[in-house]
Amino acid sequence: MAKHSIDRRAFLRGLAGTTVAVGAATLTEVPATAAPGGRGGGGRLIPKERTGIQLYSVRDKIAEYGFARVFEELSRIGYREVEFAGYTQGSVGAITPQQIRRLLDCNGLRASGSHRGLGDFRNNLDQELDIARTLGMRYLGTAQAPTEDRTVDGYKAAAEEFNGWGARAARWGITMYQHNHTIEFSFATDQPSVRLYDVFLEHTDPRVVALEMDILWAYGGARKYPGFRPIDYVNAHPHRYPLFHVKDGVPLPDPQQGNSYADVEFGLGEIPFAEFFAALRGHGRHGYLWEQDTAPDVQPNPPGSLGAAERSYRRMRELRRKR
């Protein structure tokens, strides 16, 4: 399938929406062949071929322009992996998983995984696995907490449910995973000395259930429910963390508010990514997915969410081991 032909200046003016036009023009002038962060890979902490994006971060552009145009732009920026947050494209019209796969292949992108709801797994797991296999995913997961029952037995039961899904997924060559927010790091309501994340980690089968660490919300969990370091979980179980959400943030004034941090563009927050990635054992085996939850229409500077995606990609590529 040939790539869609796009007038880039017109496209970026559209992407910018009502923002200042000079921002889109500036972005347009960046050569597509430029190597962000300089030449060579010495000391770089995020491998280029594992640099990806959670598509929720650019949901507004997918809804307005569709997967085809957004994939082409993400590929131009340099992203190599995408994680889905749904398979629809708003007003652009219906699209099939087979068509999405062709667009991924056309733009040199790989589908690393997808976030779906627990209800999708309970009611339509085989259909979800069929879509995941069509898109070439190795992983299929959810960003929901394993259960709303914050007791030890509640999390044990949720772990067994994930084990069942994972066993079915394994027959398709796919691994199930769960993505954290801060709440999973809280303590059980019936056993206040037991961290719920530890219960889920212990009772899920490492052969069929993986974990995606959202680094920002893990730091939020450590701030809100102290007593652990996020990096220690990964280093103790490196094969259980195939995917990271590389999300930056600034602490909220009240540590107990929400996820304890407000997310911001990568590189504008206070999460010590250089320290975190430098401390990884088995560096390079993970997928590094940039994400910004902030509503796209309030992301600073033109052209909105795709501008944030480009700036964040460059900063991720520039992230180097401290000497």
# chains A, B, ... in the order shown; residues from 1 in each chain; ligands from 1
>>> residues_around(residues="region 147-163 of chain A", least_positions_apart="6", cutoff="8 Å", atoms="only C-alpha atoms", output="number ranges by chain")
A: 176, 187-191, 194, 196, 199-200, 203-205, 208-209
>>> residues_around(residues="Tyr79 (chain A)", least_positions_apart="6", cutoff="8 Å", atoms="only C-alpha atoms", output="list in words")
Lys48, Glu49, Thr51, Gly52, Ile53, Leu109 and Tyr313 of chain A
>>> residues_around(residues="Gln178 (chain A)", least_positions_apart="2", cutoff="7 Å", atoms="only C-alpha atoms", output="PyMOL selection string")
chain A and resi 141-143+180+210-212
>>> select_by_dssp(residues="region 176-323 of chain A", states="strand (DSSP E or B)", output="list in words")
Met176, Tyr177, Gln178, His179, Phe187, Arg195, Val209, Ala210, Leu211, Glu212, Met213, Asp214, Leu243, Phe244, His245, Val246, Asp248, Gly249, Val250, Pro251, Tyr261, Ala262, Asp263, Val264, Gly287, Tyr288, Leu289, Trp290 and Arg320 of chain A
>>> select_by_dssp(residues="region 153-284 of chain A", states="helix (DSSP H, G or I)", output="MDAnalysis selection string")
chainID A and resid 153:170 183:185 196:203 215:224 230:236 238:240 273:278
